[in-house]
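Asker: Structure: upload39.cif, mmCIF, C-alpha atoms and all ligand atoms.
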```cif
data_entry
#
loop_
_atom_site.label_atom_id
_atom_site.label_comp_id
_atom_site.auth_asym_id
_atom_site.auth_seq_id
_atom_site.Cartn_x
_atom_site.Cartn_y
_atom_site.Cartn_z
CA MET A 1 -6.86 34.22 -46.95
CA ASN A 2 -6.12 30.52 -47.16
CA SER A 3 -7.60 30.43 -50.70
CA ASN A 4 -4.60 28.34 -51.71
CA PHE A 5 -5.27 25.73 -49.02
CA ASN A 6 -5.65 22.27 -50.51
CA PRO A 7 -7.87 20.06 -48.34
CA LEU A 8 -6.29 16.88 -47.02
CA SER A 9 -7.66 13.37 -47.25
CA PRO A 10 -8.40 11.73 -43.89
CA GLU A 11 -5.31 9.55 -44.41
CA GLU A 12 -3.12 12.62 -44.99
CA LEU A 13 -4.51 14.29 -41.89
CA VAL A 14 -3.95 11.18 -39.78
CA SER A 15 -0.40 10.82 -41.06
CA ARG A 16 0.39 14.38 -39.87
CA ILE A 17 -1.27 13.69 -36.50
CA ASN A 18 0.72 10.48 -36.13
CA LYS A 19 3.96 12.48 -36.06
CA ILE A 20 2.96 13.92 -32.67
CA PRO A 21 4.03 11.93 -29.57
CA ARG A 22 1.18 9.83 -28.25
CA ILE A 23 0.41 6.96 -25.93
CA ARG A 24 -2.41 4.59 -26.83
CA LEU A 25 -5.22 4.61 -24.27
CA ALA A 26 -8.39 4.43 -26.38
CA GLN A 27 -9.94 1.74 -28.54
CA LEU A 28 -10.34 3.54 -31.87
CA PRO A 29 -12.17 4.19 -34.06
CA THR A 30 -15.31 4.46 -32.00
CA VAL A 31 -18.50 3.45 -33.75
CA LEU A 32 -20.70 5.90 -35.70
CA GLU A 33 -24.12 4.46 -35.00
CA TYR A 34 -27.38 5.26 -36.79
CA ALA A 35 -30.17 5.79 -34.24
CA PRO A 36 -33.43 4.79 -35.99
CA ASN A 37 -36.00 5.38 -33.26
CA ILE A 38 -34.91 8.84 -32.25
CA SER A 39 -34.45 9.69 -35.95
CA ASN A 40 -38.11 8.76 -36.48
CA GLU A 41 -39.17 10.78 -33.47
CA LEU A 42 -37.33 13.92 -34.62
CA ASN A 43 -37.87 13.46 -38.38
CA ILE A 44 -34.16 13.58 -39.10
CA ASN A 45 -31.38 11.05 -39.70
CA LEU A 46 -29.39 10.96 -36.50
CA TYR A 47 -26.01 9.27 -36.16
CA ILE A 48 -24.28 9.01 -32.80
CA LYS A 49 -20.49 8.98 -32.56
CA ARG A 50 -19.93 6.68 -29.61
CA ASP A 51 -17.06 8.42 -27.84
CA ASP A 52 -18.63 7.24 -24.60
CA CYS A 53 -17.03 3.92 -25.64
CA THR A 54 -13.35 4.85 -25.84
CA ALA A 55 -12.80 2.01 -23.35
CA LEU A 56 -10.73 3.64 -20.58
CA ALA A 57 -12.50 3.77 -17.18
CA PHE A 58 -16.05 4.11 -18.59
CA GLY A 59 -14.81 6.06 -21.60
CA GLY A 60 -15.34 9.57 -22.90
CA ASN A 61 -13.80 12.32 -25.04
CA LYS A 62 -11.01 12.93 -22.54
CA THR A 63 -9.37 9.58 -23.27
CA ARG A 64 -8.54 10.91 -26.72
CA HIS A 65 -7.13 14.14 -25.26
CA LEU A 66 -5.00 12.26 -22.75
CA GLU A 67 -3.34 10.12 -25.41
CA PHE A 68 -1.47 13.26 -26.51
CA ILE A 69 -1.29 15.22 -23.25
CA MET A 70 0.17 12.32 -21.27
CA ALA A 71 2.76 11.44 -23.90
CA LYS A 72 5.04 13.84 -22.02
CA THR A 73 5.36 11.17 -19.32
CA LEU A 74 7.32 9.01 -21.81
CA SER A 75 10.38 11.13 -20.98
CA GLY A 76 10.50 9.37 -17.58
CA GLU A 77 11.02 12.67 -15.74
CA TYR A 78 7.71 12.55 -13.81
CA ASP A 79 6.62 10.40 -10.88
CA CYS A 80 3.02 11.64 -10.64
CA ILE A 81 0.40 13.74 -12.38
CA LEU A 82 -1.38 16.77 -10.95
CA THR A 83 -4.63 17.97 -12.44
CA GLY A 84 -7.96 19.44 -11.43
CA ALA A 85 -11.47 20.35 -12.48
CA ALA A 86 -14.95 20.20 -10.91
CA SER A 87 -15.56 17.56 -8.23
CA GLN A 88 -17.53 15.33 -10.64
CA SER A 89 -14.97 15.58 -13.42
CA ASN A 90 -14.94 13.07 -16.25
CA PHE A 91 -11.52 14.38 -17.26
CA CYS A 92 -10.03 13.63 -13.85
CA ARG A 93 -11.53 10.12 -13.82
CA GLN A 94 -9.90 9.28 -17.13
CA ALA A 95 -6.63 11.05 -16.23
CA VAL A 96 -6.24 9.02 -13.02
CA ALA A 97 -7.02 5.79 -14.87
CA ALA A 98 -4.42 6.67 -17.53
CA ALA A 99 -1.86 7.52 -14.84
CA ASN A 100 -2.48 4.18 -13.16
CA LYS A 101 -1.79 2.38 -16.41
CA LEU A 102 1.48 4.31 -16.66
CA ASN A 103 2.47 3.55 -13.05
CA LEU A 104 2.18 7.19 -11.97
CA GLU A 105 0.47 8.47 -8.84
CA SER A 106 -2.30 11.06 -9.21
CA TYR A 107 -3.08 14.26 -7.34
CA LEU A 108 -6.40 16.00 -7.98
CA VAL A 109 -7.43 19.48 -6.89
CA LEU A 110 -11.18 19.73 -7.34
CA MET A 111 -13.54 22.70 -7.14
CA HIS A 112 -16.32 21.96 -4.69
CA GLY A 113 -19.05 23.17 -7.11
CA VAL A 114 -22.47 21.59 -6.90
CA LYS A 115 -21.58 18.10 -5.64
CA GLY A 116 -18.48 18.61 -3.49
CA LYS A 117 -17.21 15.47 -1.74
CA LEU A 118 -20.32 13.39 -2.43
CA MET A 119 -18.91 9.84 -2.61
CA GLN A 120 -20.74 8.94 -5.79
CA GLY A 121 -20.24 8.96 -9.56
CA ASN A 122 -16.81 10.17 -10.64
CA PHE A 123 -15.77 11.05 -7.08
CA LEU A 124 -16.35 7.46 -6.01
CA LEU A 125 -14.30 6.28 -8.97
CA TYR A 126 -11.31 8.51 -8.01
CA ASN A 127 -11.46 6.76 -4.66
CA ILE A 128 -11.44 3.28 -6.19
CA LEU A 129 -8.65 4.32 -8.58
CA GLY A 130 -6.61 5.50 -5.58
CA ALA A 131 -6.13 9.20 -6.40
CA ASN A 132 -5.00 11.74 -3.78
CA VAL A 133 -7.86 14.24 -3.73
CA ASP A 134 -8.15 17.80 -2.37
CA VAL A 135 -11.46 19.62 -2.66
CA VAL A 136 -11.28 23.42 -2.56
CA ASP A 137 -14.14 25.86 -1.98
CA GLY A 138 -15.78 27.62 -4.89
CA GLU A 139 -17.17 26.76 -8.27
CA ASN A 140 -15.50 29.04 -10.79
CA LEU A 141 -13.60 26.62 -13.02
CA GLU A 142 -11.36 29.49 -14.15
CA ASP A 143 -9.75 29.42 -10.64
CA ILE A 144 -8.33 25.93 -11.25
CA PRO A 145 -4.88 26.96 -12.61
CA LYS A 146 -4.18 29.02 -9.49
CA HIS A 147 -5.05 26.06 -7.21
CA LEU A 148 -2.94 23.72 -9.33
CA ASP A 149 0.06 26.04 -9.10
CA LYS A 150 -0.24 26.09 -5.29
CA LYS A 151 -0.39 22.30 -5.07
CA TYR A 152 2.49 22.00 -7.53
CA ASP A 153 4.73 24.05 -5.21
CA GLU A 154 3.77 21.81 -2.27
CA LEU A 155 4.57 18.64 -4.22
CA ILE A 156 7.91 20.03 -5.39
CA LYS A 157 8.81 20.85 -1.77
CA GLU A 158 8.05 17.22 -0.90
CA GLY A 159 10.50 16.12 -3.58
CA ARG A 160 7.86 14.91 -6.05
CA LYS A 161 8.12 15.32 -9.82
CA PRO A 162 4.60 16.10 -11.01
CA LEU A 163 3.40 16.50 -14.58
CA ILE A 164 0.99 19.40 -14.17
CA ILE A 165 -2.01 19.10 -16.51
CA TYR A 166 -3.97 22.34 -16.88
CA GLY A 167 -6.41 20.67 -19.29
CA GLY A 168 -8.81 23.24 -20.73
CA PHE A 169 -6.70 26.09 -19.27
CA GLY A 170 -3.30 25.10 -20.64
CA GLU A 171 -2.05 26.41 -23.97
CA GLU A 172 -0.28 23.22 -24.96
CA ASP A 173 -2.85 20.84 -23.43
CA THR A 174 -5.71 22.49 -25.30
CA THR A 175 -3.80 22.34 -28.58
CA LEU A 176 -3.04 18.63 -28.14
CA ALA A 177 -6.61 17.86 -27.07
CA GLY A 178 -7.89 19.75 -30.12
CA ILE A 179 -5.64 17.68 -32.37
CA SER A 180 -7.08 14.49 -30.88
CA TYR A 181 -10.49 15.64 -32.11
CA ALA A 182 -9.19 16.50 -35.57
CA ASN A 183 -8.31 12.80 -35.56
CA THR A 184 -11.92 11.96 -34.63
CA MET A 185 -13.09 13.96 -37.63
CA ALA A 186 -10.84 11.87 -39.88
CA GLU A 187 -12.53 8.77 -38.42
CA ILE A 188 -15.99 10.23 -39.02
CA ASP A 189 -15.04 11.25 -42.56
CA LYS A 190 -14.29 7.62 -43.44
CA GLN A 191 -17.37 6.38 -41.58
CA MET A 192 -19.65 8.77 -43.47
CA LYS A 193 -18.22 7.54 -46.77
CA ASN A 194 -18.75 3.92 -45.73
CA GLN A 195 -22.31 4.65 -44.60
CA ASN A 196 -23.01 6.74 -47.67
CA PHE A 197 -24.07 10.07 -46.24
CA ILE A 198 -22.79 13.58 -45.60
CA ALA A 199 -23.74 15.26 -42.33
CA ASP A 200 -25.60 18.57 -42.59
CA HIS A 201 -24.92 19.28 -38.90
CA LEU A 202 -22.51 18.00 -36.27
CA PHE A 203 -23.36 18.67 -32.62
CA VAL A 204 -20.83 18.50 -29.82
CA THR A 205 -21.17 19.49 -26.20
CA ALA A 206 -17.99 21.42 -25.65
CA ALA A 207 -16.27 23.70 -23.22
CA ASN A 208 -13.49 24.57 -25.68
CA MET A 209 -10.97 21.99 -26.92
CA THR A 210 -13.26 19.26 -28.24
CA GLN A 211 -15.16 21.71 -30.45
CA ALA A 212 -11.88 23.28 -31.57
CA GLY A 213 -10.71 19.88 -32.81
CA CYS A 214 -13.96 19.34 -34.67
CA GLU A 215 -13.67 22.77 -36.32
CA LEU A 216 -10.06 22.14 -37.29
CA GLY A 217 -10.80 18.68 -38.72
CA ALA A 218 -13.84 19.91 -40.66
CA ARG A 219 -11.82 22.72 -42.31
CA VAL A 220 -8.83 20.52 -43.13
CA LEU A 221 -11.08 17.88 -44.68
CA ASN A 222 -13.23 20.48 -46.47
CA TRP A 223 -16.57 19.44 -44.97
CA SER A 224 -19.73 21.35 -45.83
CA THR A 225 -21.22 20.33 -42.45
CA ARG A 226 -22.30 23.01 -39.95
CA ILE A 227 -20.40 22.40 -36.70
CA GLN A 228 -22.40 23.43 -33.63
CA GLY A 229 -20.91 23.53 -30.15
CA ILE A 230 -23.22 23.59 -27.14
CA SER A 231 -21.78 24.94 -23.91
CA PRO A 232 -22.19 23.29 -20.49
CA VAL A 233 -20.81 26.40 -18.73
CA TYR A 234 -20.91 30.22 -18.70
CA TRP A 235 -17.35 31.50 -19.10
CA ASP A 236 -15.94 34.88 -18.13
CA MET A 237 -13.51 34.53 -21.03
CA ASN A 238 -14.52 35.01 -24.68
CA ILE A 239 -14.98 31.36 -25.55
CA LYS A 240 -15.29 31.72 -29.33
CA GLU A 241 -11.91 33.48 -29.36
CA ASP A 242 -10.47 30.72 -27.21
CA ILE A 243 -11.78 28.04 -29.58
CA ALA A 244 -10.35 29.91 -32.59
CA ARG A 245 -7.01 30.21 -30.74
CA ILE A 246 -6.92 26.43 -30.18
CA CYS A 247 -7.74 25.85 -33.87
CA ASN A 248 -4.92 28.18 -34.93
CA GLN A 249 -2.41 26.51 -32.64
CA GLY A 250 -3.52 23.07 -33.82
CA ALA A 251 -3.16 24.17 -37.46
CA LYS A 252 0.35 25.41 -36.70
CA MET A 253 1.33 22.17 -34.96
CA LEU A 254 0.09 20.20 -37.97
CA ASP A 255 1.86 22.57 -40.36
CA LEU A 256 -1.36 23.67 -42.07
CA ASN A 257 -1.79 27.02 -43.76
CA LEU A 258 -5.16 27.76 -42.14
CA GLU A 259 -6.43 30.64 -40.06
CA PHE A 260 -9.46 30.76 -37.80
CA ASN A 261 -11.26 33.59 -36.07
CA SER A 262 -14.14 33.75 -33.62
CA THR A 263 -16.74 34.65 -36.27
CA MET A 264 -16.32 31.17 -37.79
CA ILE A 265 -17.31 29.42 -34.56
CA ASN A 266 -20.93 28.44 -33.73
CA HIS A 267 -21.04 28.03 -29.98
CA ASP A 268 -24.33 28.33 -28.08
CA ASN A 269 -24.58 28.84 -24.31
CA ASN A 270 -28.38 29.06 -24.18
CA TYR A 271 -28.76 25.55 -22.79
CA VAL A 272 -26.56 25.83 -19.67
CA GLY A 273 -29.57 26.67 -17.49
CA GLU A 274 -28.82 27.95 -14.00
CA LYS A 275 -25.11 27.13 -14.08
CA TYR A 276 -22.44 24.50 -14.75
CA GLY A 277 -23.18 21.24 -12.96
CA VAL A 278 -26.90 21.84 -12.42
CA PRO A 279 -29.07 19.70 -14.69
CA THR A 280 -31.83 21.40 -16.69
CA LYS A 281 -35.41 20.23 -17.09
CA ASP A 282 -34.97 19.97 -20.87
CA GLY A 283 -31.67 18.14 -20.39
CA ILE A 284 -33.29 15.55 -18.14
CA ALA A 285 -36.13 15.16 -20.65
CA ALA A 286 -33.52 14.62 -23.38
CA MET A 287 -31.77 11.98 -21.22
CA ASN A 288 -35.01 10.14 -20.65
CA LEU A 289 -35.97 10.31 -24.33
CA LEU A 290 -32.66 8.96 -25.65
CA ALA A 291 -32.62 6.21 -23.02
CA LYS A 292 -36.20 5.25 -23.91
CA LYS A 293 -35.72 5.34 -27.68
CA GLU A 294 -32.19 3.97 -28.07
CA GLY A 295 -31.07 2.56 -24.72
CA LEU A 296 -28.32 5.18 -24.58
CA PHE A 297 -27.20 7.23 -21.59
CA LEU A 298 -26.51 10.94 -21.79
CA ASP A 299 -24.98 12.61 -18.72
CA PRO A 300 -26.56 15.31 -16.53
CA VAL A 301 -23.76 17.92 -16.83
CA TYR A 302 -22.71 17.93 -20.50
CA THR A 303 -24.37 15.78 -23.13
CA SER A 304 -27.92 16.14 -21.80
CA LYS A 305 -27.63 19.88 -22.43
CA GLY A 306 -26.11 19.26 -25.86
CA PHE A 307 -28.86 16.87 -26.85
CA ALA A 308 -31.58 19.17 -25.46
CA ALA A 309 -30.16 21.83 -27.79
CA LEU A 310 -30.28 19.45 -30.74
CA ILE A 311 -33.97 18.74 -30.05
CA ASP A 312 -34.67 22.47 -29.73
CA TYR A 313 -32.85 23.21 -33.00
CA VAL A 314 -35.17 20.68 -34.67
CA LYS A 315 -38.22 22.38 -33.13
CA LYS A 316 -36.99 25.81 -34.28
CA GLY A 317 -36.34 24.54 -37.83
CA ILE A 318 -32.59 25.22 -37.68
CA ILE A 319 -32.23 21.49 -38.31
CA LYS A 320 -34.68 20.68 -41.09
CA LYS A 321 -36.78 17.60 -41.68
CA GLY A 322 -34.77 14.79 -43.28
CA GLU A 323 -31.36 16.34 -42.61
CA ASN A 324 -28.38 14.22 -41.55
CA VAL A 325 -27.12 15.03 -38.08
CA ILE A 326 -24.18 13.66 -36.09
CA PHE A 327 -24.17 13.97 -32.31
CA ILE A 328 -20.86 13.23 -30.61
CA LEU A 329 -21.68 11.38 -27.41
CA THR A 330 -18.68 12.55 -25.39
CA GLY A 331 -19.37 10.31 -22.37
CA GLY A 332 -19.92 11.34 -18.76
CA SER A 333 -22.41 8.63 -17.82
CA PRO A 334 -20.79 7.82 -14.39
CA ALA A 335 -22.05 11.23 -13.22
CA VAL A 336 -25.66 9.97 -13.36
CA PHE A 337 -25.08 8.24 -10.01
CA ALA A 338 -24.12 11.52 -8.33
CA TYR A 339 -27.35 13.06 -9.61
CA ASN A 340 -29.74 10.34 -8.46
CA GLU A 341 -32.02 12.85 -6.69
CA GLU A 342 -32.36 15.21 -9.64
CA LEU A 343 -32.80 12.34 -12.09
CA SER A 344 -35.41 10.47 -10.11
CA LYS A 345 -37.78 13.45 -9.89
CA LYS A 346 -40.81 13.33 -12.16
CA ILE A 347 -40.49 16.08 -14.75
C1 LIG A 401 -18.88 14.27 -21.10
C2 LIG A 401 -18.18 15.51 -21.55
N1 LIG A 401 -18.58 16.09 -22.68
C3 LIG A 401 -18.00 17.22 -23.15
C4 LIG A 401 -16.97 17.83 -22.46
C5 LIG A 401 -16.36 19.07 -23.01
O1 LIG A 401 -15.10 18.84 -23.53
P1 LIG A 401 -14.06 20.03 -23.77
O2 LIG A 401 -13.72 20.60 -22.46
O3 LIG A 401 -12.92 19.38 -24.42
O4 LIG A 401 -14.68 20.99 -24.69
C6 LIG A 401 -16.51 17.26 -21.27
C7 LIG A 401 -15.44 17.93 -20.53
O5 LIG A 401 -15.20 17.89 -19.40
C8 LIG A 401 -17.12 16.06 -20.81
O6 LIG A 401 -16.70 15.47 -19.67
#
```
Written as structure tokens, that's how I'd like the structure from this file.
Answerer:
Amino acid sequence: MNSNFNPLSPEELVSRINKIPRIRLAQLPTVLEYAPNISNELNINLYIKRDDCTALAFGGNKTRHLEFIMAKTLSGEYDCILTGAASQSNFCRQAVAAANKLNLESYLVLMHGVKGKLMQGNFLLYNILGANVDVVDGENLEDIPKHLDKKYDELIKEGRKPLIIYGGFGEEDTTLAGISYANTMAEIDKQMKNQNFIADHLFVTAANMTQAGCELGARVLNWSTRIQGISPVYWDMNIKEDIARICNQGAKMLDLNLEFNSTMINHDNNYVGEKYGVPTKDGIAAMNLLAKKEGLFLDPVYTSKGFAALIDYVKKGIIKKGENVIFILTGGSPAVFAYNEELSKKI
């Protein structure tokens, strides 16, 4: 299977990606930064891909996704966007900011989850950005599509023309978001060559689409690197199958003769802790360590759990002394302000 697949150069991959409709929202490429102090501490060579600095509304991985997902608004047939996630959603923050730039109103339907209507962090930013926000009871993120569909019907009755964005639950949205991360891998490929190293491991905190894009890019570019996704959430769905599905759809959209299945995907949900949205002790320790050593902020919901996993993989010897590791810092730092109580406790 796929034995006749000829890897692409990063330029060839980017030229295929550039055929897909896109609006420019991010400042790219983001920097791939060597982190000397934490490298010393962990006895590895750690490079951080600064996707917290994509430049839109405090940045993050979702800016890249939205460049492709929101290209549909170029048709002029929409007067607003409708999307949803957890109440402290980084995706929604960046989506509303993007919509504002495109002169579209925003409607958010948010799961109450752990932080509800707390006017802090991302929730405060939706307010400043001027989004119309509904908070619904519950915390199961898999209920979001059903709430979005209900709100969509209401908006249609009011004569609105919403672009409904299902994000991680939409077939097309996940494919486009995945492709935006295949593009990131092309950036990293060039950056590794310029900095003269090959990564042994790449870590990404991922619910589904961001990891899928990394997997797709790594295969297309023929990397030897082990891609490791760390989950911020326990899903009811089979997440490895979902990631493989996104990879397959991305490959099809890019006209690549590649096939993925769930056995190819390394995705670890042992660092979620109690549940999505509740910080872990090890995650907070990881946040404090990276801030202390490098002046960098992880976030309490996603990247702190991803970085705690990276540290644990070093301790367990899965990452070996002297190996080259890339950690994609996917953003999320505004959420620290909604977690001031948890983050100010002594651990
Ligand atoms: C900071 C941060 N990191 C990682 C992720 C996971 O991204 P994905 O859902 O594309 O896998 C998210 C998603 O909400 C996020 O906000």
Asker: Give the padded box for ligand LIG 401 (chain A) as JSON: axis-aligned, covering all atoms listed in the file, 4 Å on each side, centre and edge lengths in Å to one decimal.
Answerer:
```
{"center_x": -15.9, "center_y": 17.6, "center_z": -22.0, "size_x": 14.0, "size_y": 14.7, "size_z": 13.3}
```
Asker: Residues of chain A within 6 Å of ligand LIG 401 (chain A): nearest atom pair and distance (Å, one decimal) for each, counting all atoms listed in the file, sorted by chain and number, as a Markdown table?
Answerer:
```
| residue | atom | partner | partner_atom | distance |
| --- | --- | --- | --- | --- |
| A:Asn90 | CA | A:LIG401 | O6 | 4.5 |
| A:Phe91 | CA | A:LIG401 | O5 | 5.5 |
| A:Gly168 | CA | A:LIG401 | O2 | 5.8 |
| A:Thr205 | CA | A:LIG401 | C3 | 5.0 |
| A:Ala206 | CA | A:LIG401 | O4 | 3.5 |
| A:Ala207 | CA | A:LIG401 | O4 | 3.5 |
| A:Asn208 | CA | A:LIG401 | O4 | 3.9 |
| A:Met209 | CA | A:LIG401 | O3 | 4.1 |
| A:Thr210 | CA | A:LIG401 | O3 | 3.8 |
| A:Gln211 | CA | A:LIG401 | O4 | 5.8 |
| A:Tyr302 | CA | A:LIG401 | N1 | 5.0 |
| A:Thr303 | CA | A:LIG401 | N1 | 5.8 |
| A:Thr330 | CA | A:LIG401 | N1 | 4.5 |
| A:Gly331 | CA | A:LIG401 | C1 | 4.2 |
| A:Gly332 | CA | A:LIG401 | C1 | 3.9 |
```
Asker: Residues within 10 Å of Leu102 of chain A, please, as a list of chain:residue names. Count all atoms listed in the file; anything in the same chain fewer than 5 positions from it doesn't count.
Answerer: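 That gives A:Ile23, A:Met70, A:Thr73, A:Leu74, A:Asp79, A:Cys80, A:Val96, A:Ala97.
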Asker: Could the residues in this selection be written to a file with C-alpha atoms, as a PDB file, in the coordinates of the input?
Answerer:
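Below is the file that was written, out37.pdb:
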```pdb
ATOM      1  CA  ILE A  23       0.410   6.960 -25.930  1.00  0.00           C
ATOM      2  CA  MET A  70       0.170  12.320 -21.270  1.00  0.00           C
ATOM      3  CA  THR A  73       5.360  11.170 -19.320  1.00  0.00           C
ATOM      4  CA  LEU A  74       7.320   9.010 -21.810  1.00  0.00           C
ATOM      5  CA  ASP A  79       6.620  10.400 -10.880  1.00  0.00           C
ATOM      6  CA  CYS A  80       3.020  11.640 -10.640  1.00  0.00           C
ATOM      7  CA  VAL A  96      -6.240   9.020 -13.020  1.00  0.00           C
ATOM      8  CA  ALA A  97      -7.020   5.790 -14.870  1.00  0.00           C
TER       9      ALA A  97
END
```
Asker: Between A:Ile239, A:Val204, A:Leu104, A:Ile246, which is the closest to Lys161 of chain A once you count all atoms listed in the file?
Answerer: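 Of the candidates, the smallest distance to Lys161 of chain A is held by A:Leu104.
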Asker: Counting all atoms listed in the file, which of A:Ala338, A:Ala55, A:Leu289, A:Ala212 gets nearest to Leu25 of chain A?
Answerer: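 Closest candidate: A:Ala55.
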Asker: Would you kindly return, as a list in words, each protein, DNA or RNA residue with an atom no farther than 6 Å from any atom of Leu202 of chain A, considering all atoms listed in the file and excluding same-chain residues fewer than 4 positions away?
Answerer: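 So the residues in contact are Ile227, Val325, Ile326 and Phe327 of chain A.
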Asker: Report, in Å to a single decimal, how far apart atom CA of Thr175 of chain A and atom CA of Asn100 of chain A are.
Answerer: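 Spanning atom CA of Asn100 of chain A to atom CA of Thr175 of chain A is a straight-line distance of 23.9 Å.
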Asker: Do you have the atom CA of Tyr47 of chain A-atom CA of Glu33 of chain A distance handy?
Answerer: 5.3 Å
Asker: Restricting the calculation to only C-alpha atoms, which member of A:Leu216, A:Leu56, A:Ile198, A:Leu296 is positioned closest to Lys252 of chain A?
Answerer: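 Once distances to Lys252 of chain A are computed over only C-alpha atoms, the minimum belongs to A:Leu216.
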Asker: What does the distance from atom CA of Asp200 of chain A to atom CA of Leu8 of chain A come to in Å, to one decimal?
Answerer: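 Distance reported for this atom pair: 19.9 Å.
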Asker: Write out as a short mmCIF file (atom, residue, chain, number, x, y, z; two decimals) with C-alpha atoms, keeping the file's coordinate frame which residues come within 7 Å of segment 63-67 of chain A when counting only C-alpha atoms, dropping same-chain ones fewer than 5 positions away.
Answerer:
```
data_model
loop_
_atom_site.label_atom_id
_atom_site.label_comp_id
_atom_site.auth_asym_id
_atom_site.auth_seq_id
_atom_site.Cartn_x
_atom_site.Cartn_y
_atom_site.Cartn_z
CA ARG A 22 1.18 9.83 -28.25
CA ILE A 23 0.41 6.96 -25.93
CA ARG A 24 -2.41 4.59 -26.83
CA LEU A 25 -5.22 4.61 -24.27
CA ALA A 26 -8.39 4.43 -26.38
CA THR A 54 -13.35 4.85 -25.84
CA LEU A 56 -10.73 3.64 -20.58
CA GLN A 94 -9.90 9.28 -17.13
CA ALA A 95 -6.63 11.05 -16.23
CA LEU A 176 -3.04 18.63 -28.14
CA ALA A 177 -6.61 17.86 -27.07
CA SER A 180 -7.08 14.49 -30.88
#
```
Asker: From the list A:Asn127, A:Asn132, A:Ser344, A:Thr225, which residue is nearest His201 of chain A when using all atoms listed in the file?
Answerer: A:Thr225
Asker: Have a look at A:Ile265, A:Met111, A:Ile164, A:Ala98 and name the one nearest to Gln228 of chain A; count all atoms listed in the file.
Answerer: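 Among A:Ile265, A:Met111, A:Ile164, A:Ala98, it is A:Ile265 that comes nearest to Gln228 of chain A.
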Asker: Near Ile319 of chain A, counting all atoms listed in the file, which residues have an atom at most 9 Å away, once you skip same-chain residues fewer than 4 positions from it, shown as a short mmCIF file (atom, residue, chain, number, x, y, z; two decimals) with C-alpha atoms, in the coordinates of the input?
Answerer:
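Now in result-v8.cif:
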```
data_model
loop_
_atom_site.label_atom_id
_atom_site.label_comp_id
_atom_site.auth_asym_id
_atom_site.auth_seq_id
_atom_site.Cartn_x
_atom_site.Cartn_y
_atom_site.Cartn_z
CA ILE A 44 -34.16 13.58 -39.10
CA ASP A 200 -25.60 18.57 -42.59
CA HIS A 201 -24.92 19.28 -38.90
CA LEU A 310 -30.28 19.45 -30.74
CA ILE A 311 -33.97 18.74 -30.05
CA ASP A 312 -34.67 22.47 -29.73
CA TYR A 313 -32.85 23.21 -33.00
CA VAL A 314 -35.17 20.68 -34.67
CA LYS A 315 -38.22 22.38 -33.13
CA GLU A 323 -31.36 16.34 -42.61
CA ASN A 324 -28.38 14.22 -41.55
CA VAL A 325 -27.12 15.03 -38.08
#
```
Asker: I'd like to know which of A:Ser87, A:Glu11, A:Ala286, A:Tyr152 is closest to Gly121 of chain A, using only C-alpha atoms.
Answerer: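 The closest residue to Gly121 of chain A is A:Ser87.
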Asker: If you count all atoms listed in the file, which residues fall within 7 Å of segment 297-299 of chain A, apart from same-chain ones fewer than 4 positions away, as a list of chain:residue names?
Answerer: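 Surrounding residues, per the criterion: A:Met287, A:Ala291, A:Thr303, A:Ser304, A:Gly332, A:Ser333, A:Ala335, A:Val336.
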